[in-house]
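To be precise, the following lines are data22.cif, and they hold mmCIF, C-alpha atoms.
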```cif
data_data
loop_
_atom_site.label_atom_id
_atom_site.label_comp_id
_atom_site.auth_asym_id
_atom_site.auth_seq_id
_atom_site.Cartn_x
_atom_site.Cartn_y
_atom_site.Cartn_z
CA VAL A 1 37.34 -19.78 22.11
CA VAL A 2 37.57 -15.98 22.03
CA LEU A 3 34.02 -15.64 23.32
CA ILE A 4 34.66 -18.14 26.08
CA LEU A 5 37.68 -16.11 27.21
CA LEU A 6 35.77 -12.84 26.95
CA ALA A 7 32.62 -14.12 28.64
CA PRO A 8 33.63 -12.78 32.09
CA VAL A 9 34.30 -9.34 30.58
CA LEU A 10 30.96 -9.21 28.78
CA THR A 11 29.16 -10.51 31.82
CA ALA A 12 30.73 -7.86 34.04
CA HIS A 13 29.62 -5.12 31.65
CA LEU A 14 26.10 -6.25 30.79
CA PHE A 15 24.79 -9.09 32.90
CA ASN A 16 23.28 -6.77 35.48
CA HIS A 17 19.55 -6.87 34.66
CA GLU A 18 18.96 -3.16 35.23
CA THR A 19 21.97 -2.23 33.10
CA ILE A 20 20.64 -4.31 30.22
CA ARG A 21 17.13 -2.85 30.58
CA GLU A 22 18.44 0.72 30.65
CA GLN A 23 20.78 0.29 27.67
CA LEU A 24 18.13 -1.54 25.64
CA THR A 25 15.47 1.10 26.30
CA ASN A 26 17.88 3.96 25.55
CA ARG A 27 19.14 2.28 22.35
CA VAL A 28 15.62 1.79 20.94
CA SER A 29 14.67 5.35 21.79
CA ALA A 30 17.84 6.76 20.20
CA ASP A 31 17.51 4.67 17.01
CA THR A 32 13.78 4.99 16.39
CA GLY A 33 12.36 7.71 18.63
CA THR A 34 9.91 5.21 20.14
CA GLY A 35 9.24 3.94 23.64
CA LEU A 36 10.01 0.36 24.73
CA ASP A 37 8.62 -1.80 27.51
CA PHE A 38 9.15 -5.51 28.14
CA GLN A 39 8.75 -8.18 30.78
CA ASN A 40 12.14 -9.88 30.94
CA VAL A 41 15.50 -9.77 29.19
CA TYR A 42 18.24 -12.39 29.33
CA LEU A 43 21.80 -12.24 28.01
CA THR A 44 23.21 -15.35 26.33
CA ILE A 45 26.94 -15.38 25.59
CA LEU A 46 27.44 -18.57 23.56
CA PRO A 47 27.63 -19.45 20.73
CA ARG A 48 27.17 -15.75 19.98
CA PRO A 49 26.01 -13.04 22.38
CA TYR A 50 22.35 -12.10 22.07
CA LEU A 51 19.55 -10.69 24.19
CA ASN A 52 16.35 -12.69 24.55
CA VAL A 53 13.51 -10.23 25.27
CA THR A 54 10.03 -11.47 26.22
CA HIS A 55 6.61 -9.78 25.97
CA LEU A 56 7.82 -6.49 24.57
CA GLN A 57 5.88 -3.42 23.44
CA VAL A 58 7.14 -0.59 21.25
CA THR A 59 5.00 2.56 21.05
CA GLU A 60 5.07 5.72 18.95
CA GLY A 61 2.71 8.22 20.56
CA THR A 62 -0.89 7.02 20.34
CA GLU A 63 -0.82 6.33 16.59
CA ALA A 64 1.22 3.12 16.44
CA SER A 65 2.36 0.23 18.61
CA VAL A 66 4.08 -3.14 18.27
CA ASN A 67 3.55 -6.06 20.65
CA ALA A 68 5.64 -9.23 20.31
CA ASP A 69 5.85 -12.46 22.28
CA ALA A 70 9.62 -12.53 22.01
CA ALA A 71 12.57 -10.88 20.32
CA ARG A 72 16.12 -12.02 19.86
CA ILE A 73 18.57 -9.11 19.56
CA TYR A 74 22.11 -9.68 18.34
CA PRO A 75 24.40 -6.79 19.31
CA LYS A 76 27.46 -5.62 17.41
CA LEU A 77 30.43 -7.30 19.04
CA ARG A 78 33.05 -4.53 19.06
CA PRO A 79 30.90 -1.97 20.96
CA LEU A 80 29.77 -4.77 23.29
CA PHE A 81 33.34 -5.34 24.46
CA SER A 82 33.37 -1.83 25.89
CA GLY A 83 29.94 -2.18 27.46
CA ARG A 84 27.94 -0.35 24.77
CA LEU A 85 24.87 -1.91 23.21
CA GLU A 86 24.41 -1.41 19.46
CA PHE A 87 22.07 -3.56 17.37
CA ASP A 88 23.28 -5.75 14.50
CA ARG A 89 20.30 -8.12 13.94
CA ILE A 90 16.81 -8.35 15.41
CA SER A 91 14.37 -11.26 15.10
CA LEU A 92 10.73 -10.76 16.17
CA GLU A 93 8.40 -13.67 16.89
CA SER A 94 4.63 -13.20 16.36
CA PRO A 95 4.59 -9.39 16.54
CA ASP A 96 1.30 -7.44 16.34
CA TYR A 97 1.61 -3.97 14.78
CA THR A 98 -1.30 -1.57 15.15
CA LEU A 99 -1.41 1.67 13.12
CA GLN A 100 -4.06 4.36 13.00
CA LEU A 101 -4.81 5.44 9.43
CA PRO A 102 -5.12 9.22 9.00
CA ILE A 103 -8.53 10.79 8.62
CA ILE A 104 -8.52 12.22 5.09
CA PRO A 105 -10.23 15.62 4.92
CA ASP A 106 -12.68 16.14 2.09
CA SER A 107 -11.78 19.66 1.01
CA ALA A 108 -13.58 19.64 -2.32
CA GLU A 109 -17.20 20.62 -2.69
CA PRO A 110 -19.53 17.70 -3.41
CA SER A 111 -20.48 17.33 -7.06
CA GLU A 112 -23.99 17.95 -8.28
CA GLN A 113 -24.12 14.34 -9.45
CA PRO A 114 -22.76 12.12 -6.62
CA GLY A 115 -20.84 9.25 -8.16
CA GLY A 116 -20.40 11.24 -11.35
CA ILE A 117 -17.27 12.16 -13.20
CA ASP A 118 -16.45 15.17 -10.97
CA ASP A 119 -16.16 12.80 -8.00
CA VAL A 120 -13.03 11.26 -9.52
CA HIS A 121 -11.08 14.51 -9.06
CA ARG A 122 -12.30 14.80 -5.50
CA GLN A 123 -11.06 11.29 -4.71
CA LEU A 124 -7.69 12.02 -6.34
CA ASP A 125 -7.33 14.93 -3.94
CA ARG A 126 -7.93 12.52 -1.05
CA PHE A 127 -5.18 10.19 -2.31
CA ARG A 128 -2.74 13.08 -2.76
CA TYR A 129 -3.40 14.23 0.78
CA LEU A 130 -2.57 10.75 2.08
CA MET A 131 0.72 10.73 0.12
CA SER A 132 1.58 14.20 1.43
CA GLN A 133 1.45 12.84 5.00
CA LEU A 134 4.39 10.51 4.36
CA ALA A 135 7.37 11.67 6.37
CA PRO A 136 10.99 10.44 6.31
CA MET A 137 11.17 7.17 8.24
CA ASP A 138 13.65 6.93 11.12
CA ILE A 139 14.80 3.32 10.56
CA PRO A 140 17.89 2.02 12.36
CA ASP A 141 20.82 0.52 10.46
CA VAL A 142 20.04 -3.09 11.43
CA GLU A 143 18.89 -6.35 9.91
CA LEU A 144 15.32 -7.23 10.93
CA THR A 145 13.44 -10.52 10.56
CA VAL A 146 9.74 -10.96 11.35
CA ARG A 147 8.07 -14.35 11.69
CA ASN A 148 4.32 -14.91 11.83
CA GLY A 149 3.51 -11.24 12.33
CA ARG A 150 0.25 -9.33 12.06
CA VAL A 151 -0.59 -5.73 11.10
CA ILE A 152 -3.91 -4.08 11.98
CA LEU A 153 -4.73 -0.77 10.26
CA ILE A 154 -7.38 1.23 12.12
CA ASP A 155 -9.85 3.42 10.21
CA MET A 156 -10.05 6.35 12.63
CA ALA A 157 -12.94 7.98 10.75
CA ASN A 158 -15.16 5.00 11.68
CA ASN A 159 -13.15 3.80 14.70
CA ARG A 160 -12.82 0.23 13.45
CA PRO A 161 -10.18 -2.02 11.87
CA ALA A 162 -9.99 -1.36 8.13
CA PHE A 163 -7.38 -3.90 7.01
CA GLU A 164 -5.54 -6.77 8.59
CA LEU A 165 -2.34 -8.44 7.36
CA ARG A 166 -1.56 -11.81 8.93
CA HIS A 167 1.02 -14.61 8.76
CA ILE A 168 3.62 -11.99 7.90
CA ASN A 169 7.13 -13.20 7.19
CA ALA A 170 9.41 -10.29 6.39
CA HIS A 171 13.04 -9.34 6.23
CA TYR A 172 14.84 -6.04 5.74
CA GLU A 173 18.41 -4.83 5.81
CA ARG A 174 19.40 -1.19 6.05
CA TYR A 175 22.56 -0.03 4.27
CA GLN A 176 23.08 3.68 4.93
CA SER A 177 20.44 5.34 2.71
CA ARG A 178 19.00 2.13 1.25
CA MET A 179 16.65 -0.44 2.77
CA ASP A 180 16.19 -3.82 1.03
CA PHE A 181 13.02 -5.68 1.97
CA THR A 182 10.92 -8.77 1.28
CA ILE A 183 7.41 -9.39 2.62
CA ASP A 184 5.04 -12.36 2.29
CA CYS A 185 1.65 -12.38 3.98
CA MET A 186 -2.12 -12.91 3.77
CA SER A 187 -4.95 -10.47 4.45
CA ASN A 188 -8.68 -9.89 4.69
CA ALA A 189 -8.27 -8.09 1.33
CA PHE A 190 -6.30 -10.74 -0.58
CA LYS A 191 -5.29 -14.39 -0.44
CA GLU A 192 -1.56 -13.77 -0.70
CA ILE A 193 0.86 -10.94 -1.34
CA ALA A 194 4.58 -11.00 -2.07
CA ILE A 195 6.64 -7.78 -2.09
CA LYS A 196 10.33 -7.40 -2.88
CA GLY A 197 12.34 -4.25 -3.44
CA TRP A 198 14.34 -1.44 -1.95
CA VAL A 199 13.60 2.12 -0.82
CA ASP A 200 15.43 5.14 0.53
CA PRO A 201 13.41 5.81 3.72
CA ASN A 202 14.33 9.50 3.65
CA THR A 203 13.43 10.36 0.04
CA PHE A 204 11.07 7.44 -0.79
CA LYS A 205 13.07 6.73 -3.93
CA GLY A 206 13.00 3.03 -4.70
CA ILE A 207 11.90 0.05 -6.78
CA ALA A 208 9.50 -2.74 -5.82
CA ARG A 209 7.51 -5.59 -7.30
CA VAL A 210 4.15 -6.47 -5.74
CA ASP A 211 2.31 -9.70 -6.60
CA LEU A 212 -1.29 -9.86 -5.38
CA ALA A 213 -3.31 -13.07 -5.60
CA ALA A 214 -7.11 -13.05 -5.27
CA PHE A 215 -7.19 -9.38 -4.28
CA GLN A 216 -10.63 -8.21 -3.09
CA PRO A 217 -10.51 -4.41 -3.45
CA GLU A 218 -13.78 -3.53 -1.68
CA GLY A 219 -12.17 -2.54 1.63
CA VAL A 220 -9.45 -0.41 0.02
CA ILE A 221 -11.94 1.37 -2.23
CA ASN A 222 -14.36 2.01 0.64
CA TYR A 223 -11.54 3.60 2.67
CA PHE A 224 -10.40 5.96 -0.09
CA PHE A 225 -13.92 6.58 -1.51
CA PRO A 226 -16.31 6.17 1.44
CA ASP A 227 -19.09 8.28 -0.08
CA ALA A 228 -18.98 6.78 -3.58
CA THR A 229 -22.43 5.99 -4.94
CA LEU A 230 -21.17 2.93 -6.81
CA GLN A 231 -19.99 0.08 -4.60
CA ILE A 232 -17.80 -2.84 -5.72
CA SER A 233 -18.54 -6.35 -4.45
CA ASP A 234 -17.63 -9.96 -5.24
CA ALA A 235 -14.47 -8.80 -6.98
CA GLN A 236 -11.36 -10.90 -7.41
CA LEU A 237 -8.23 -9.45 -8.93
CA ASN A 238 -4.85 -11.00 -9.66
CA ILE A 239 -2.31 -8.28 -10.32
CA THR A 240 1.41 -7.59 -10.54
CA LEU A 241 2.71 -4.06 -9.93
CA ASP A 242 6.23 -2.98 -10.86
CA ILE A 243 6.84 0.28 -9.00
CA ASP A 244 9.62 2.76 -9.77
CA ALA A 245 9.61 5.84 -7.52
CA GLU A 246 11.87 8.87 -7.72
CA GLY A 247 10.16 10.09 -4.55
CA LYS A 248 6.64 10.28 -3.18
CA ASP A 249 5.74 12.92 -5.81
CA GLN A 250 7.00 10.96 -8.84
CA ILE A 251 5.86 7.34 -9.12
CA GLN A 252 5.68 5.06 -12.17
CA ILE A 253 3.64 1.84 -11.87
CA ASP A 254 3.40 -0.88 -14.52
CA LEU A 255 0.32 -3.06 -14.00
CA THR A 256 -0.46 -6.51 -15.39
CA GLY A 257 -3.43 -8.50 -14.24
CA SER A 258 -6.66 -10.37 -14.66
CA MET A 259 -10.09 -10.12 -13.07
CA PRO A 260 -12.23 -13.25 -13.30
CA ARG A 261 -15.28 -11.45 -11.93
CA MET A 262 -16.59 -8.26 -10.34
CA GLN A 263 -19.95 -6.74 -9.41
CA ILE A 264 -20.76 -3.03 -9.15
CA ASN A 265 -23.85 -2.09 -7.17
CA ASN A 266 -25.88 1.11 -7.35
CA ASN A 267 -28.69 0.97 -4.81
CA GLU A 268 -30.69 -2.06 -5.96
CA THR A 269 -29.14 -2.34 -9.45
CA ARG A 270 -26.19 -4.63 -10.15
CA LEU A 271 -23.71 -4.82 -13.02
CA ASP A 272 -21.57 -7.92 -13.64
CA PHE A 273 -18.09 -7.99 -15.19
CA SER A 274 -16.17 -11.17 -16.10
CA ASP A 275 -12.99 -12.54 -17.69
CA GLN A 276 -10.98 -9.35 -17.99
CA GLN A 277 -7.26 -9.07 -18.78
CA PHE A 278 -5.22 -5.86 -18.76
CA ARG A 279 -1.81 -4.21 -19.05
CA ALA A 280 -1.33 -0.56 -18.17
CA GLU A 281 1.08 2.13 -16.96
CA LEU A 282 0.24 4.66 -14.27
CA THR A 283 2.29 7.81 -13.62
CA LEU A 284 1.65 9.83 -10.46
CA GLU A 285 3.25 13.24 -9.94
CA LYS A 286 2.52 16.05 -7.55
CA GLU A 287 0.32 18.02 -9.96
CA SER A 288 -0.47 15.44 -12.62
CA LEU A 289 -1.66 11.93 -13.32
CA GLY A 290 -1.21 9.84 -16.45
CA PHE A 291 -2.73 6.47 -17.29
CA HIS A 292 -1.81 4.51 -20.41
CA LEU A 293 -3.93 1.46 -21.13
CA THR A 294 -1.75 -0.79 -23.24
CA ASP A 295 -4.31 -3.54 -23.58
CA PHE A 296 -7.67 -4.44 -22.06
CA SER A 297 -9.94 -7.31 -23.07
CA SER A 298 -13.26 -8.23 -21.51
CA ALA A 299 -15.83 -10.99 -21.98
CA ALA A 300 -18.58 -9.03 -20.22
CA PRO A 301 -19.00 -6.37 -21.45
CA ARG A 302 -17.43 -7.79 -24.63
CA MET A 303 -14.78 -5.47 -26.06
CA ASN A 304 -11.07 -4.73 -26.45
CA LEU A 305 -9.73 -1.37 -25.39
CA THR A 306 -6.58 0.76 -25.49
CA GLY A 307 -6.10 4.40 -24.61
CA ASP A 308 -4.70 7.27 -22.57
CA PHE A 309 -6.04 9.45 -19.78
CA SER A 310 -4.25 12.39 -18.15
CA ILE A 311 -4.88 15.13 -15.62
CA ASP A 312 -2.56 18.14 -15.27
CA ASP A 313 -3.65 20.45 -12.45
CA GLU A 314 -0.97 23.04 -13.16
CA ALA A 315 -2.00 23.37 -16.83
CA ARG A 316 -5.67 22.88 -15.89
CA SER A 317 -6.10 20.24 -18.58
CA VAL A 318 -7.83 16.87 -18.73
CA ASP A 319 -7.48 14.60 -21.77
CA LEU A 320 -8.99 11.26 -22.71
CA HIS A 321 -8.42 9.10 -25.80
CA LEU A 322 -9.86 5.57 -26.07
CA VAL A 323 -9.94 3.11 -28.94
CA GLY A 324 -12.33 0.18 -28.64
CA GLY A 325 -12.39 -2.89 -30.85
CA SER A 326 -14.82 -5.80 -31.33
CA VAL A 327 -17.38 -3.84 -29.30
CA ASP A 328 -20.62 -5.63 -28.45
CA VAL A 329 -22.96 -2.65 -28.42
CA ALA A 330 -25.69 -4.12 -26.19
CA SER A 331 -23.39 -5.08 -23.30
CA VAL A 332 -21.28 -1.90 -23.56
CA ARG A 333 -24.45 0.19 -23.73
CA SER A 334 -25.84 -1.28 -20.50
CA THR A 335 -22.48 -0.76 -18.78
CA ALA A 336 -22.14 2.88 -19.93
CA LEU A 337 -25.69 3.79 -18.93
CA PHE A 338 -25.22 2.12 -15.54
CA LEU A 339 -21.99 4.01 -14.80
CA LEU A 340 -22.64 7.35 -16.57
CA GLY A 341 -26.34 7.37 -17.39
CA HIS A 342 -26.77 10.85 -15.91
CA GLU A 343 -24.25 12.31 -18.41
CA GLU A 344 -26.15 13.79 -21.37
CA THR A 345 -23.58 12.87 -24.02
CA VAL A 346 -23.61 9.23 -22.92
CA THR A 347 -27.38 8.96 -23.10
CA ASP A 348 -27.44 10.71 -26.50
CA VAL A 349 -24.89 8.26 -27.96
CA PHE A 350 -26.65 5.16 -26.71
CA ASP A 351 -30.08 6.40 -27.74
CA ILE A 352 -28.69 5.85 -31.23
CA LEU A 353 -26.48 2.82 -30.60
CA ARG A 354 -28.55 0.00 -29.14
CA GLU A 355 -27.30 -3.33 -30.51
CA GLY A 356 -24.95 -4.98 -32.95
CA SER A 357 -21.16 -5.09 -33.14
CA ILE A 358 -18.68 -2.29 -33.96
CA PRO A 359 -15.21 -3.21 -35.30
CA GLN A 360 -13.66 -0.01 -33.94
CA MET A 361 -14.87 2.94 -31.86
CA THR A 362 -12.82 6.00 -30.89
CA VAL A 363 -13.63 8.32 -27.99
CA THR A 364 -11.72 11.61 -27.59
CA ALA A 365 -12.35 14.31 -25.03
CA SER A 366 -10.48 17.19 -23.42
CA GLY A 367 -11.16 20.14 -21.18
CA SER A 368 -10.06 22.06 -18.13
CA ARG A 369 -11.89 19.84 -15.62
CA LEU A 370 -13.13 16.27 -15.44
CA SER A 371 -16.76 17.17 -16.04
CA ASP A 372 -15.76 18.51 -19.48
CA LEU A 373 -15.15 14.91 -20.55
CA ALA A 374 -18.89 14.42 -20.69
CA TRP A 375 -18.68 16.24 -24.05
CA ALA A 376 -16.65 13.44 -25.61
CA ARG A 377 -16.75 12.94 -29.36
#
```
So, in terms of structure tokens, how does the structure I just supplied come out?
Amino acid sequence: VVLILLAPVLTAHLFNHETIREQLTNRVSADTGTGLDFQNVYLTILPRPYLNVTHLQVTEGTEASVNADAARIYPKLRPLFSGRLEFDRISLESPDYTLQLPIIPDSAEPSEQPGGIDDVHRQLDRFRYLMSQLAPMDIPDVELTVRNGRVILIDMANNRPAFELRHINAHYERYQSRMDFTIDCMSNAFKEIAIKGWVDPNTFKGIARVDLAAFQPEGVINYFFPDATLQISDAQLNITLDIDAEGKDQIQIDLTGSMPRMQINNNETRLDFSDQQFRAELTLEKESLGFHLTDFSSAAPRMNLTGDFSIDDEARSVDLHLVGGSVDVASVRSTALFLLGHEETVTDVFDILREGSIPQMTVTASGSRLSDLAWAR
């Protein structure tokens, strides 16, 4: 009844098409710092006032853009009575979001053995650079729903799409410094993903759970490690990640997963992995990395494994400690020589160990750089 009585007032304030267009464009620009263009906008008063916007495009420079068939925007009622447009809820239908991934500079010198152990540190530097590019997100204090969306991430180094997320159904609500979100979608890199959590968009502090089904990591790995000698193919990974971040420079990730199969290719040689299960913890900080392998079991190569690996750039230390059990020497030997056959210590060990089964094997190594781990004992 109230809205029926107030309909003439609202109509007088906002029904003018140019007034709506101007207020809508200005509101989006003020809230997000982006540009907005659209074909038509219509104001509906009953049962609750909302704007129906068709064929809209939101742009942020040349790096990102969103195109949607339609959007329904519910304004806050109190400001609307005085002719001001402030968003309360937004629903997007079939939006396409295009984002250009940053070109990651390769500042480190190439290692003498491409694909060797020194390359790991170089790739960590690439990942840290990508994290350093994260800036506080200017997200308006609104509730947003996305139905049947799509995200295309462009690899600018090769000028082609790198990843595509499709059939996205998502929801987020912003409460002052906290944003709650849920996302369900499919991709060219996995069959299904479900994400639920919260984050402070200014500090990147937050908690999230990520469930990945039938993840195929080839595209992700090729983006972060484009010059890696070893290439992964025919991989399928089911994994759950529980993420706890105190900020972009302090992240704890608990990983649980299984990998039915994977192939690693090196020129014309291929190595097969199968039936692997794992639990692990990963800690990422600005100057350090820690990886704790709680449990790892594998049918091919046949073994069980636990251990710890850490890198501390500030202390210039690298440490590795692995304990293997029920080790099938022949299959582990072929795997080690395939991955690290150019490392002298590896070849020396497996010149002696060629077949049989070992109940327990311990590997310990430390040094000031990753290449020192080749002198494991």
Could you state which residues are captured by the PyMOL selection byres ((chain A and resi 167) around 10) in this file, as a CSV table (one decimal) with C-alpha atoms, in the frame of the given file?
```csv
chain,number,residue,atom,x,y,z
A,94,SER,CA,4.6,-13.2,16.4
A,146,VAL,CA,9.7,-11.0,11.4
A,147,ARG,CA,8.1,-14.4,11.7
A,148,ASN,CA,4.3,-14.9,11.8
A,149,GLY,CA,3.5,-11.2,12.3
A,150,ARG,CA,0.2,-9.3,12.1
A,151,VAL,CA,-0.6,-5.7,11.1
A,165,LEU,CA,-2.3,-8.4,7.4
A,166,ARG,CA,-1.6,-11.8,8.9
A,168,ILE,CA,3.6,-12.0,7.9
A,169,ASN,CA,7.1,-13.2,7.2
A,170,ALA,CA,9.4,-10.3,6.4
A,184,ASP,CA,5.0,-12.4,2.3
A,185,CYS,CA,1.6,-12.4,4.0
A,186,MET,CA,-2.1,-12.9,3.8
A,187,SER,CA,-5.0,-10.5,4.4
A,192,GLU,CA,-1.6,-13.8,-0.7
```
Extending 4 Å beyond the listed atoms of region 240-246 of chain A on each side, what axis-aligned box results? I want centre and edge lengths in Å to one decimal, as lines of an AutoDock Vina configuration file.
```
center_x = 6.6
center_y = 0.6
center_z = -9.2
size_x = 18.5
size_y = 24.5
size_z = 11.3
```
Can you turn the PyMOL selection byres ((chain A and resi 85) around 12) into a concrete residue list for this file, as a tab-separated table (two decimals) with C-alpha atoms, keeping the file's coordinate frame?
```tsv
chain	number	residue	atom	x	y	z
A	10	LEU	CA	30.96	-9.21	28.78
A	13	HIS	CA	29.62	-5.12	31.65
A	14	LEU	CA	26.10	-6.25	30.79
A	19	THR	CA	21.97	-2.23	33.10
A	20	ILE	CA	20.64	-4.31	30.22
A	21	ARG	CA	17.13	-2.85	30.58
A	22	GLU	CA	18.44	0.72	30.65
A	23	GLN	CA	20.78	0.29	27.67
A	24	LEU	CA	18.13	-1.54	25.64
A	25	THR	CA	15.47	1.10	26.30
A	26	ASN	CA	17.88	3.96	25.55
A	27	ARG	CA	19.14	2.28	22.35
A	28	VAL	CA	15.62	1.79	20.94
A	30	ALA	CA	17.84	6.76	20.20
A	31	ASP	CA	17.51	4.67	17.01
A	43	LEU	CA	21.80	-12.24	28.01
A	49	PRO	CA	26.01	-13.04	22.38
A	50	TYR	CA	22.35	-12.10	22.07
A	51	LEU	CA	19.55	-10.69	24.19
A	73	ILE	CA	18.57	-9.11	19.56
A	74	TYR	CA	22.11	-9.68	18.34
A	75	PRO	CA	24.40	-6.79	19.31
A	76	LYS	CA	27.46	-5.62	17.41
A	77	LEU	CA	30.43	-7.30	19.04
A	78	ARG	CA	33.05	-4.53	19.06
A	79	PRO	CA	30.90	-1.97	20.96
A	80	LEU	CA	29.77	-4.77	23.29
A	81	PHE	CA	33.34	-5.34	24.46
A	82	SER	CA	33.37	-1.83	25.89
A	83	GLY	CA	29.94	-2.18	27.46
A	84	ARG	CA	27.94	-0.35	24.77
A	86	GLU	CA	24.41	-1.41	19.46
A	87	PHE	CA	22.07	-3.56	17.37
A	88	ASP	CA	23.28	-5.75	14.50
```
> Do you know which residues the PyMOL selection byres ((chain A and resi 143) around 6) returns on this file, as a VMD selection string?
Replying inline: chain A and resid 89 142 144 172 to 173
> From the list A:Ile264, A:Leu255, A:Val346, A:Val363, which residue is nearest Leu305 (chain A) when using all atoms listed in the file?
Replying inline: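 That would be A:Val363, the residue with the smallest distance to Leu305 (chain A).
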> What is the CA of Thr335 (chain A)-CA of Leu353 (chain A) distance in Å, reported with one decimal?
Replying inline: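 The value is 13.0 Å.
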> Rounded to one decimal in Å, what is the spacing between CA of Arg261 (chain A) and CA of Asp308 (chain A)?
Replying inline: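 These two atoms are separated by 24.0 Å.
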>> Could you tell me how far CA of Phe278 (chain A) sits from CA of Ser357 (chain A), in Å to one decimal place?
In response: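 Interatomic distance here is 21.5 Å.
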>> Please list, as a list in words, the residues that have an atom at most 10 Å away from (-25.5, -2.9, -32.8) in the coordinates of this file, counting only C-alpha atoms.
In response: Val327, Asp328, Val329, Ala330, Ser331, Arg333, Ile352, Leu353, Arg354, Glu355, Gly356, Ser357 and Ile358 of chain A
What would the file look like if the residues just selected were written as a PDB file, in the coordinates of the input with C-alpha atoms?
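The result, written out as part_23.pdb:
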```
ATOM      1  CA  VAL A 327     -17.380  -3.840 -29.300  1.00  0.00           C
ATOM      2  CA  ASP A 328     -20.620  -5.630 -28.450  1.00  0.00           C
ATOM      3  CA  VAL A 329     -22.960  -2.650 -28.420  1.00  0.00           C
ATOM      4  CA  ALA A 330     -25.690  -4.120 -26.190  1.00  0.00           C
ATOM      5  CA  SER A 331     -23.390  -5.080 -23.300  1.00  0.00           C
ATOM      6  CA  ARG A 333     -24.450   0.190 -23.730  1.00  0.00           C
ATOM      7  CA  ILE A 352     -28.690   5.850 -31.230  1.00  0.00           C
ATOM      8  CA  LEU A 353     -26.480   2.820 -30.600  1.00  0.00           C
ATOM      9  CA  ARG A 354     -28.550   0.000 -29.140  1.00  0.00           C
ATOM     10  CA  GLU A 355     -27.300  -3.330 -30.510  1.00  0.00           C
ATOM     11  CA  GLY A 356     -24.950  -4.980 -32.950  1.00  0.00           C
ATOM     12  CA  SER A 357     -21.160  -5.090 -33.140  1.00  0.00           C
ATOM     13  CA  ILE A 358     -18.680  -2.290 -33.960  1.00  0.00           C
TER      14      ILE A 358
END
```
>> Calculated over only C-alpha atoms, which of the candidates A:Trp198, A:Phe273, A:Phe204, A:Phe190 has the smallest distance to Arg178 (chain A)?
In response: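 Of A:Trp198, A:Phe273, A:Phe204, A:Phe190, the one nearest Arg178 (chain A) is A:Trp198, counting only C-alpha atoms.
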> Using all atoms listed in the file, which residue out of A:Leu339, A:Ala71, A:Ala280, A:Ile195 lies closest to Asn265 (chain A)?
Replying inline: A:Leu339
> Leaving out Leu101 (chain A) and any residue of its chain fewer than 3 positions from it, which residues lie within 8 Å of it when counting all atoms listed in the file, given as a list in words?
Replying inline: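 Surrounding residues, per the criterion: Leu153, Ile154, Asp155 and Met156 of chain A.
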> Smallest atom-to-atom distance to Asp319 (chain A): which of A:Gln252, A:Thr229, A:Ser91, A:Ser288, using all atoms listed in the file?
Replying inline: A:Ser288
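Those residues that approach Gly257 (chain A) to within 9 Å, counting all atoms listed in the file, are Leu237, Asn238, Ile239, Thr240, Leu241, Gln276, Gln277, Phe278 and Arg279 of chain A; same-chain residues fewer than 3 positions away are not listed.
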>> Counting all atoms listed in the file, find residues at most 8 Å from (8.0, -6.2, 21.6) (file frame) and give them as a VMD selection string.
In response: chain A and resid 36 to 38 53 to 58 66 to 71 92 95
Convert the current residue selection to file output with C-alpha atoms, as a tab-separated table (two decimals), in the frame of the given file.
```tsv
chain	number	residue	atom	x	y	z
A	36	LEU	CA	10.01	0.36	24.73
A	37	ASP	CA	8.62	-1.80	27.51
A	38	PHE	CA	9.15	-5.51	28.14
A	53	VAL	CA	13.51	-10.23	25.27
A	54	THR	CA	10.03	-11.47	26.22
A	55	HIS	CA	6.61	-9.78	25.97
A	56	LEU	CA	7.82	-6.49	24.57
A	57	GLN	CA	5.88	-3.42	23.44
A	58	VAL	CA	7.14	-0.59	21.25
A	66	VAL	CA	4.08	-3.14	18.27
A	67	ASN	CA	3.55	-6.06	20.65
A	68	ALA	CA	5.64	-9.23	20.31
A	69	ASP	CA	5.85	-12.46	22.28
A	70	ALA	CA	9.62	-12.53	22.01
A	71	ALA	CA	12.57	-10.88	20.32
A	92	LEU	CA	10.73	-10.76	16.17
A	95	PRO	CA	4.59	-9.39	16.54
```
>> Just checking: using all atoms listed in the file, which residue out of A:Leu284, A:Ile311, A:Val318, A:Val332 ends up closest to Gly247 (chain A)?
In response: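 Counting all atoms listed in the file, the residue closest to Gly247 (chain A) is A:Leu284.
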Using only C-alpha atoms, which residues sit within 10 Å of Ala245 (chain A) once same-chain residues fewer than 4 positions away are excluded, as a PDB file with C-alpha atoms, in the frame of the given file?
```
ATOM      1  CA  VAL A 199      13.600   2.120  -0.820  1.00  0.00           C
ATOM      2  CA  ASP A 200      15.430   5.140   0.530  1.00  0.00           C
ATOM      3  CA  THR A 203      13.430  10.360   0.040  1.00  0.00           C
ATOM      4  CA  PHE A 204      11.070   7.440  -0.790  1.00  0.00           C
ATOM      5  CA  LYS A 205      13.070   6.730  -3.930  1.00  0.00           C
ATOM      6  CA  GLY A 206      13.000   3.030  -4.700  1.00  0.00           C
ATOM      7  CA  ILE A 207      11.900   0.050  -6.780  1.00  0.00           C
ATOM      8  CA  ALA A 208       9.500  -2.740  -5.820  1.00  0.00           C
ATOM      9  CA  ASP A 249       5.740  12.920  -5.810  1.00  0.00           C
ATOM     10  CA  GLN A 250       7.000  10.960  -8.840  1.00  0.00           C
ATOM     11  CA  ILE A 251       5.860   7.340  -9.120  1.00  0.00           C
ATOM     12  CA  GLN A 252       5.680   5.060 -12.170  1.00  0.00           C
ATOM     13  CA  ILE A 253       3.640   1.840 -11.870  1.00  0.00           C
ATOM     14  CA  THR A 283       2.290   7.810 -13.620  1.00  0.00           C
ATOM     15  CA  LEU A 284       1.650   9.830 -10.460  1.00  0.00           C
TER      16      LEU A 284
END
```
